[in-house]
Amino acid sequence: MRAEDVLADQQNQGQFNGVTVRKGTVGAFLANARLWLDESSDIDDKAIAERDILDALPALHALGLFDIVQVRDSALRELVSASTACPG
């Protein structure tokens with residue numbers, strides 16, 4: 001399966017398990033996770049990245065990302081897991 005088989009080029013979002021997921025959600029999560037984990041990142045930038053990570057988690061869970069991929073960093077894994085216990 002190719003990316004365009006999941007979401008056509010002209011589509012910007014799709015429904016997955018009842019949740020609207022925007023194109024780029026996984027890529028944005030990865031970029032935010034890298035920034036959040038980077039010790040040299042500014043505290044304000046980290047706070048914004050964390051908020052954006054938390055906002056994206058319902059979509060990422062709807063996609064089943066964490067059913068397939070395990071987060072290796074323990075702090076990030078805890079952030080992702082804590083959101084599962086209390087979905088937003």
# chains A, B, ... in the order shown; residues from 1 in each chain; ligands from 1
$ residues_around --residues "region 16-33 of chain A" --least-positions-apart "2" --cutoff "6 Å" --atoms "only C-alpha atoms" --output "ChimeraX atom specification"
/A:12-14,35-36,49,53,59,62
$ select_by_dssp --residues "region 6-70 of chain A" --states "strand (DSSP E or B)" --output "ChimeraX atom specification"
/A:13-16,19-22
$ closest_residue --among "A:Leu63, A:Ala3, A:Leu57, A:Ile68" --to "Gln15 (chain A)" --atoms "only C-alpha atoms"
A:Leu63
$ residues_around --residues "Ala75 (chain A)" --least-positions-apart "3" --cutoff "12 Å" --atoms "only C-alpha atoms" --output "ChimeraX atom specification"
/A:33,36-37,50,71-72,78-82
$ select_by_dssp --residues "chain A" --states "helix (DSSP H, G or I)" --output "ChimeraX atom specification"
/A:3-6,25-37,43-63,65-68,74-85
